[in-house]
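Student: Below: one structure in structure tokens.
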Amino acid sequence: MELKNYSVSFDTPDGEVQAVRNVDLSVKKGEILCIVGESGCGKTVMCRSVMKLLPPNARVKNGEIRLCGENITDYKRKKMEKLCGSKVSMVFQDPMLTLNPTIPVGKQITEAIIKNQKVSRGNAEKKAIEMLKLVGISDAEQRYGLQPHFFSGGMRQRCVLAIALACNPQILFADEATTALDVTVEAKILDLLLEIREKTGVSIVFVSHDLGAVARIADRVAVMYAGKIVEIGTAEEVYYDPRHPYTWGLLSSLPFFTNEKGVLNPIPGMPPSLLNPPQGDAFAVRNSQALAIDYEKEPPMFKVSETHYAATWLLDERAPKVENPSFLKKRQQEPCAYVQDNRTWEKATPDLKRKDYAQKEILIEAKNLKQYFQVRSDYTIRAVDDVSFGIREGEIMALVGETGCGKSTTARTLAGIYHPTGGELFYRGEELSDKKSPFGLRRTGDNDIRKRMQGEIQMIFQDSGAALNPRMNIRQIMLEPIKISRRIRDRELLENKLQEILKETGLDESILSKRSGELSGGQRQRVAIGRSLLMEPRLIIADEPIASLDISIQAQIVMLFKKLQKEKMFSFLFIAHDLSMVRFLSDTVGVMKNGKLVEMAPTEELFGNPCHPYTRSLLSAIHVPDPVSERGHALIEYNEIQRQEENWLEISPGHRVRGEVCSGAECYS
């Protein structure tokens, strides 16, 4: 594939949005090109324009696209359909918008195979089941006939990947294809993409904000900002010798490069509007080392090596010499030790040694909690199966594990959204479970526990876009829970509280009149956080709140969580796939597998001394932004042993393991 001086714009009521601006890019046969950058920089638009999947208001301003030797710039969508599947395929970011909600996922894979390959329906169904197994769907034969809503977010993404790979395309676009996946499945999918590339010679354009995943598979890396490629080179050149300040900012936002005080370094500010791109270098206003010329003239692509180019005036021979960022110096001094320390997490940051919550009372507790879903008369999903834990006042607890292990179901049951199938729930010492109650929560006279919980327990959902009413403006969205609960009736007091929350969450007052669709992903997530804080909760349950956010926005949100939790001292249940962020934020970590808790320990101890073989497998899948380390690092496979009875073993105070224990290289029960 080759793009030459390629530009794409959108005609909107406000004017022309210049989404992709004069991009020159090529992908060789069998090459994996990774594109990184913040939301809104043009990565997805560029990929979708090659597939001819842009809306009617989009237009190609200039340039051309060549695909497999053909000039497809002027191809219409119907003509492009003949190339889709056999020559080019795409995995989209949101699987729920890709999959038909009324058709079983297995039939959707079968349909793609039949449409693009001359095979019988029986053979297509067999191949569809093989593809489901290949991308890590357990019980593939049983799940073949299930609709998408029976799958977790990560499992739906695997199904979309199975559809894209089913027809052996020559070039595959993967737009945030592993964003919703847990680290073990993500590592397997990345290895699967590498294996498929070796077997078939398929070229892959991999769009991601996970710089660790990119380091594992990339041959070359292109960094996009404000619709332009600002740096491109081999993976080693971009990771070990980045030259553009924006690339420095992306790398320094990672927990891997926390400073000596254990604080993340997010890029200040937000990307510019492409309705009126700024004059000169678009990154200048966020660049602390910007030169005067950056505000006047756009920098050309400067040649660093035969394969490495960067668009920054700092590379001009007349520019003053700028020192390398501190994270690069540290890496260059002790590259091997630096990677090893961050891979095994043996060193804890000073900020993590917070033990003041340990003596506090337990706020919410689950005992032998069970949550089953009967999908069919002959098939029941045991989403949560005998889970017990407690969260203390002021404690930050994290739940980790692979997709579909029951993390979100546990969270929703704690929040009162689901009625537990079995077990007991206690909130501030009072038992909540009552099978006679329609909501599964006990009522005692005039004291309705459910109403009290609605105010004191708030939930932040994974998809902030779906959690915010698109018909309401942001002011209405944030104030709705307060009005329903009638907790604050004084208008002036409520307005002051709203202004305070906006300031705490880093939101501008101007967004109050906007609707959720007009905000970026990071802004929507901040609105969801602000809405929950307005209720002054005692417990916040955050289900994958940073999964779909950019690296720099993730760093901003996590630092916001840390700041607000320290000031307000609310308890916090944090569910995430990103183990590096879990390690940075949490006090205690619980590891879930197949609906059960298999290990529970203080964060430092779990990362420094994982005892369950599944935990070791999980931690081995952590990606680090280091290409050499990533390519040479193998995932520790976990072979599950079925047992009738699994007892808890106490390793140390607060550190419990279920059934299997690892000591050194050996595991025993």
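Residue names in the structure tokens use chain letters A, B, ... in the order shown, residue numbers from 1 in each chain, and ligand numbers from 1 in the order shown.
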Please identify the strand (DSSP E) residues within segment 441-539 of chain A (assignment by DSSP from backbone atoms) and present them as JSON, numbers by chain.

Tutor: {"A": [443, 444, 447, 448, 457, 458, 459, 460, 539]}

Student: Output all heavy atoms of each residue in that selection to a file, as a JSON list (two decimals), in the first residue's frame.

Tutor:
```json
[["chain", "number", "residue", "atom", "x", "y", "z"],
["A", 443, "ARG", "N", -34.86, -4.42, 52.92],
["A", 443, "ARG", "CA", -35.47, -3.19, 53.41],
["A", 443, "ARG", "C", -35.78, -3.36, 54.89],
["A", 443, "ARG", "O", -36.29, -4.39, 55.31],
["A", 443, "ARG", "CB", -36.78, -2.88, 52.66],
["A", 443, "ARG", "CG", -36.58, -2.58, 51.19],
["A", 443, "ARG", "CD", -37.92, -2.53, 50.47],
["A", 443, "ARG", "NE", -37.74, -2.29, 49.06],
["A", 443, "ARG", "CZ", -37.88, -1.09, 48.49],
["A", 443, "ARG", "NH1", -38.18, -0.05, 49.22],
["A", 443, "ARG", "NH2", -37.72, -0.95, 47.20],
["A", 444, "THR", "N", -35.47, -2.37, 55.70],
["A", 444, "THR", "CA", -35.76, -2.44, 57.14],
["A", 444, "THR", "C", -36.54, -1.20, 57.53],
["A", 444, "THR", "O", -35.98, -0.13, 57.74],
["A", 444, "THR", "CB", -34.45, -2.50, 57.95],
["A", 444, "THR", "OG1", -33.61, -1.42, 57.56],
["A", 444, "THR", "CG2", -33.71, -3.80, 57.72],
["A", 447, "ASN", "N", -35.96, 2.63, 56.62],
["A", 447, "ASN", "CA", -34.59, 2.76, 56.13],
["A", 447, "ASN", "C", -34.41, 1.89, 54.89],
["A", 447, "ASN", "O", -34.22, 0.68, 54.99],
["A", 447, "ASN", "CB", -33.61, 2.34, 57.24],
["A", 447, "ASN", "CG", -32.17, 2.45, 56.78],
["A", 447, "ASN", "OD1", -31.86, 3.18, 55.85],
["A", 447, "ASN", "ND2", -31.29, 1.72, 57.43],
["A", 448, "ASP", "N", -34.50, 2.49, 53.72],
["A", 448, "ASP", "CA", -34.33, 1.75, 52.48],
["A", 448, "ASP", "C", -32.84, 1.71, 52.13],
["A", 448, "ASP", "O", -32.27, 2.70, 51.69],
["A", 448, "ASP", "CB", -35.12, 2.42, 51.36],
["A", 448, "ASP", "CG", -35.15, 1.59, 50.08],
["A", 448, "ASP", "OD1", -34.30, 0.70, 49.93],
["A", 448, "ASP", "OD2", -36.02, 1.85, 49.25],
["A", 457, "ILE", "N", -22.72, 4.66, 46.69],
["A", 457, "ILE", "CA", -21.93, 3.84, 45.75],
["A", 457, "ILE", "C", -22.20, 4.34, 44.34],
["A", 457, "ILE", "O", -23.33, 4.35, 43.88],
["A", 457, "ILE", "CB", -22.28, 2.34, 45.87],
["A", 457, "ILE", "CG1", -21.98, 1.82, 47.27],
["A", 457, "ILE", "CG2", -21.50, 1.53, 44.83],
["A", 457, "ILE", "CD1", -22.33, 0.36, 47.47],
["A", 458, "GLN", "N", -21.15, 4.78, 43.66],
["A", 458, "GLN", "CA", -21.28, 5.28, 42.29],
["A", 458, "GLN", "C", -20.42, 4.42, 41.37],
["A", 458, "GLN", "O", -19.35, 3.95, 41.75],
["A", 458, "GLN", "CB", -20.82, 6.73, 42.21],
["A", 458, "GLN", "CG", -21.74, 7.70, 42.93],
["A", 458, "GLN", "CD", -23.11, 7.79, 42.28],
["A", 458, "GLN", "OE1", -23.23, 8.13, 41.11],
["A", 458, "GLN", "NE2", -24.16, 7.50, 43.04],
["A", 459, "MET", "N", -20.89, 4.24, 40.12],
["A", 459, "MET", "CA", -20.18, 3.40, 39.17],
["A", 459, "MET", "C", -19.80, 4.20, 37.92],
["A", 459, "MET", "O", -20.61, 4.97, 37.40],
["A", 459, "MET", "CB", -21.03, 2.19, 38.78],
["A", 459, "MET", "CG", -20.28, 1.17, 37.96],
["A", 459, "MET", "SD", -21.05, -0.46, 38.01],
["A", 459, "MET", "CE", -19.90, -1.38, 36.97],
["A", 460, "ILE", "N", -18.56, 4.01, 37.50],
["A", 460, "ILE", "CA", -18.07, 4.61, 36.25],
["A", 460, "ILE", "C", -17.93, 3.47, 35.25],
["A", 460, "ILE", "O", -17.16, 2.54, 35.49],
["A", 460, "ILE", "CB", -16.73, 5.32, 36.45],
["A", 460, "ILE", "CG1", -16.87, 6.43, 37.50],
["A", 460, "ILE", "CG2", -16.22, 5.89, 35.14],
["A", 460, "ILE", "CD1", -15.55, 7.01, 37.95],
["A", 539, "LEU", "N", -17.92, 4.96, 48.02],
["A", 539, "LEU", "CA", -17.26, 3.95, 47.18],
["A", 539, "LEU", "C", -17.51, 4.27, 45.72],
["A", 539, "LEU", "O", -18.64, 4.48, 45.30],
["A", 539, "LEU", "CB", -17.81, 2.55, 47.51],
["A", 539, "LEU", "CG", -17.38, 1.41, 46.59],
["A", 539, "LEU", "CD1", -15.88, 1.14, 46.72],
["A", 539, "LEU", "CD2", -18.17, 0.13, 46.88]]
```

Student: If we count only C-alpha atoms, what is near Ala235 of chain A at a cut-off of 8 Å, once residues fewer than 4 positions away on the same chain are taken out, given as a PyMOL selection string?

Tutor: chain A and resi 215+218-221+239+627

Student: Using only C-alpha atoms, please write the residues we just selected to a file, as a short mmCIF file (atom, residue, chain, number, x, y, z; two decimals), in the first residue's frame.

Tutor:
```cif
data_model
loop_
_atom_site.label_atom_id
_atom_site.label_comp_id
_atom_site.auth_asym_id
_atom_site.auth_seq_id
_atom_site.Cartn_x
_atom_site.Cartn_y
_atom_site.Cartn_z
CA ALA A 215 6.99 -2.59 20.57
CA ALA A 218 6.22 -3.38 14.88
CA ASP A 219 8.75 -3.39 12.05
CA ARG A 220 8.25 0.35 11.61
CA VAL A 221 6.39 2.95 13.68
CA TYR A 239 11.76 3.82 20.87
CA PRO A 627 11.29 -3.62 21.20
#
```

Student: Measuring between only C-alpha atoms, which one of A:Trp248, A:Ile72, A:Val8, A:Gly106 shows the shortest distance to Ser552 of chain A?

Tutor: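 The shortest atom-to-atom distance to Ser552 of chain A comes from A:Trp248.
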
Student: Nearest to Gln556 of chain A among A:Ser516, A:Ser532, A:Ser620, A:Thr505, with distances taken over only C-alpha atoms: which residue is it?

Tutor: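 Of A:Ser516, A:Ser532, A:Ser620, A:Thr505, the one nearest Gln556 of chain A is A:Thr505, counting only C-alpha atoms.
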
Student: Between atom CA of Asn71 of chain A and atom CA of Asp11 of chain A, what distance in Å does the model show, to one decimal?

Tutor: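 Here the two named atoms are 24.6 Å from each other.
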
Student: Could you list, as a list in words, every residue within 12 Å of Glu637 of chain A, counting only C-alpha atoms and ignoring same-chain residues fewer than 2 positions away?

Tutor: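 Using only C-alpha atoms, the neighbours found are Thr184, Val185, Ala187, Lys188, Pro613, Tyr614, Thr615, Arg616, Ser617, Leu618, Leu619, Ser620, Ala621, Ala634, Leu635, Asn639 and Glu640 of chain A.
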
Student: Please produce a file of those selected residues containing N, CA and C atoms, as a compact mmCIF listing (two decimals), in the first residue's frame.

Tutor:
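The resulting result00.txt:
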```txt
# COMPACT_ATOMS: atom_id res chain seq x y z
N THR A 184 -3.09 -11.24 28.65
CA THR A 184 -2.70 -12.57 28.16
C THR A 184 -3.26 -12.82 26.77
N VAL A 185 -4.54 -12.48 26.56
CA VAL A 185 -5.15 -12.68 25.24
C VAL A 185 -4.52 -11.72 24.25
N ALA A 187 -1.45 -10.64 24.27
CA ALA A 187 -0.14 -11.21 23.89
C ALA A 187 -0.32 -12.35 22.89
N LYS A 188 -1.36 -13.19 23.10
CA LYS A 188 -1.61 -14.30 22.19
C LYS A 188 -2.05 -13.79 20.81
N PRO A 613 0.08 -19.83 39.63
CA PRO A 613 0.62 -19.92 38.26
C PRO A 613 -0.11 -19.04 37.26
N TYR A 614 -1.43 -18.82 37.46
CA TYR A 614 -2.15 -17.94 36.54
C TYR A 614 -1.69 -16.49 36.71
N THR A 615 -1.43 -16.08 37.95
CA THR A 615 -0.94 -14.72 38.19
C THR A 615 0.41 -14.52 37.52
N ARG A 616 1.26 -15.53 37.60
CA ARG A 616 2.57 -15.45 36.94
C ARG A 616 2.40 -15.33 35.42
N SER A 617 1.45 -16.08 34.88
CA SER A 617 1.18 -16.00 33.45
C SER A 617 0.70 -14.59 33.09
N LEU A 618 -0.17 -14.05 33.93
CA LEU A 618 -0.74 -12.72 33.70
C LEU A 618 0.36 -11.65 33.72
N LEU A 619 1.23 -11.71 34.73
CA LEU A 619 2.29 -10.71 34.86
C LEU A 619 3.34 -10.86 33.77
N SER A 620 3.52 -12.08 33.26
CA SER A 620 4.50 -12.27 32.19
C SER A 620 4.05 -11.63 30.89
N ALA A 621 2.73 -11.34 30.80
CA ALA A 621 2.18 -10.75 29.57
C ALA A 621 2.24 -9.23 29.57
N ALA A 634 8.92 -14.29 26.31
CA ALA A 634 7.88 -15.29 26.03
C ALA A 634 6.82 -15.27 27.12
N LEU A 635 5.59 -15.47 26.72
CA LEU A 635 4.48 -15.57 27.66
C LEU A 635 4.54 -16.89 28.41
N ASN A 639 -1.55 -23.73 32.26
CA ASN A 639 -2.33 -24.93 31.97
C ASN A 639 -3.23 -25.20 33.17
N GLU A 640 -4.51 -24.96 32.98
CA GLU A 640 -5.45 -25.08 34.09
C GLU A 640 -5.67 -26.54 34.48
```

Student: Do a neighbour search on segment 308-319 of chain A at 10 Å with only C-alpha atoms, toss out local chain neighbours closer than 3 positions, and write the hits as a ChimeraX atom specification.

Tutor: /A:220-223,228-235,237-238,241-247,281,283-284,289-294,297-305,322

Student: Taking C-alpha atoms for each residue, export the selection above as a PDB file, in the first residue's frame.

Tutor:
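New file result-v7.pdb:
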```pdb
ATOM      1  CA  ARG A 220       8.248   0.348  11.605  1.00  0.00           C
ATOM      2  CA  VAL A 221       6.388   2.950  13.677  1.00  0.00           C
ATOM      3  CA  ALA A 222       4.668   6.104  12.400  1.00  0.00           C
ATOM      4  CA  VAL A 223       3.693   8.791  14.924  1.00  0.00           C
ATOM      5  CA  LYS A 228       0.195  14.584   9.897  1.00  0.00           C
ATOM      6  CA  ILE A 229       3.002  12.047  10.258  1.00  0.00           C
ATOM      7  CA  VAL A 230       5.471  13.796  12.600  1.00  0.00           C
ATOM      8  CA  GLU A 231       7.968  10.932  12.993  1.00  0.00           C
ATOM      9  CA  ILE A 232       8.565   7.598  11.272  1.00  0.00           C
ATOM     10  CA  GLY A 233      11.275   4.997  11.576  1.00  0.00           C
ATOM     11  CA  THR A 234      12.049   1.444  12.579  1.00  0.00           C
ATOM     12  CA  ALA A 235      10.751   0.370  15.995  1.00  0.00           C
ATOM     13  CA  GLU A 237      14.807   4.096  16.119  1.00  0.00           C
ATOM     14  CA  VAL A 238      11.518   5.472  17.417  1.00  0.00           C
ATOM     15  CA  ASP A 241      16.228   7.442  19.709  1.00  0.00           C
ATOM     16  CA  PRO A 242      12.977   9.455  19.335  1.00  0.00           C
ATOM     17  CA  ARG A 243      13.541  12.928  17.903  1.00  0.00           C
ATOM     18  CA  HIS A 244      10.130  14.638  17.928  1.00  0.00           C
ATOM     19  CA  PRO A 245       8.974  16.249  21.234  1.00  0.00           C
ATOM     20  CA  TYR A 246       5.537  14.659  20.754  1.00  0.00           C
ATOM     21  CA  THR A 247       7.092  11.176  20.704  1.00  0.00           C
ATOM     22  CA  ASP A 281       3.989  23.256  14.143  1.00  0.00           C
ATOM     23  CA  PHE A 283       2.384  20.653  18.649  1.00  0.00           C
ATOM     24  CA  ALA A 284       4.092  23.954  19.530  1.00  0.00           C
ATOM     25  CA  GLN A 289      10.902  23.357  24.093  1.00  0.00           C
ATOM     26  CA  ALA A 290       9.172  25.061  21.158  1.00  0.00           C
ATOM     27  CA  LEU A 291      11.187  27.584  19.175  1.00  0.00           C
ATOM     28  CA  ALA A 292       9.889  30.894  17.817  1.00  0.00           C
ATOM     29  CA  ILE A 293       9.796  29.460  14.286  1.00  0.00           C
ATOM     30  CA  ASP A 294       7.468  26.649  15.463  1.00  0.00           C
ATOM     31  CA  LYS A 297       6.349  27.930   9.879  1.00  0.00           C
ATOM     32  CA  GLU A 298       5.514  24.248   9.548  1.00  0.00           C
ATOM     33  CA  PRO A 299       8.653  22.078   9.865  1.00  0.00           C
ATOM     34  CA  PRO A 300       9.627  19.792   6.958  1.00  0.00           C
ATOM     35  CA  MET A 301      10.587  16.122   7.414  1.00  0.00           C
ATOM     36  CA  PHE A 302      14.234  16.093   8.508  1.00  0.00           C
ATOM     37  CA  LYS A 303      16.280  12.995   7.701  1.00  0.00           C
ATOM     38  CA  VAL A 304      17.833  11.335  10.767  1.00  0.00           C
ATOM     39  CA  SER A 305      18.871   8.143   8.953  1.00  0.00           C
ATOM     40  CA  VAL A 322      18.388  20.284  23.437  1.00  0.00           C
TER      41      VAL A 322
END
```

Student: DSSP on the backbone, then: every residue of segment 194-229 of chain A marked helix (DSSP H, G or I), written as a CSV table (one decimal) with C-alpha atoms, in the first residue's frame.

Tutor:
```csv
chain,number,residue,atom,x,y,z
A,194,LEU,CA,3.1,-12.4,13.8
A,195,GLU,CA,2.5,-16.1,13.1
A,196,ILE,CA,-0.1,-15.3,10.4
A,197,ARG,CA,2.3,-12.8,8.9
A,198,GLU,CA,5.1,-15.5,8.7
A,199,LYS,CA,2.7,-18.1,7.1
A,200,THR,CA,0.8,-15.9,4.7
A,211,LEU,CA,3.2,1.4,23.0
A,212,GLY,CA,4.1,-1.9,24.7
A,213,ALA,CA,2.0,-3.9,22.2
A,214,VAL,CA,3.4,-1.8,19.4
A,215,ALA,CA,7.0,-2.6,20.6
A,216,ARG,CA,6.2,-6.3,20.4
A,217,ILE,CA,5.1,-6.5,16.7
```

Student: Would you mind telling me which residue in A:Asp378, A:Gly406, A:Val45, A:Val105 lies nearest to Phe173 of chain A when using only C-alpha atoms?

Tutor: A:Val45

Student: Show me, as a ChimeraX atom specification, the residues that have an atom within 6 Å of Ser586 of chain A when counting only C-alpha atoms, minus same-chain residues fewer than 5 positions from it.

Tutor: /A:396-398

Student: Take the residues that were just selected and, keeping C-alpha atoms, output them as a compact mmCIF listing (two decimals), in the first residue's frame.

Tutor:
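Output file part-v1.txt follows:
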```
# COMPACT_ATOMS: atom_id res chain seq x y z
CA ILE A 396 -7.99 1.35 46.39
CA MET A 397 -8.59 -2.24 45.34
CA ALA A 398 -8.02 -3.50 41.79
```

Student: Nearest to Glu605 of chain A among A:His149, A:Arg631, A:Lys503, A:His655, with distances taken over only C-alpha atoms: which residue is it?

Tutor: A:His655

Student: Record the distance separating atom CA of Val183 of chain A and atom CA of Pro625 of chain A, expressed in Å with one decimal.

Tutor: 14.3 Å

Student: Between A:Ile113, A:Glu393, A:Met559, A:Gly654, which one has atoms that come closest to Val263 of chain A, using only C-alpha atoms?

Tutor: A:Met559

Student: Tell me which of A:Glu536, A:Glu504, A:Glu480, A:Asp139 sits closest to Lys563 of chain A, counting only C-alpha atoms.

Tutor: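 Looking at the shortest contact to Lys563 of chain A, the residue is A:Glu504.
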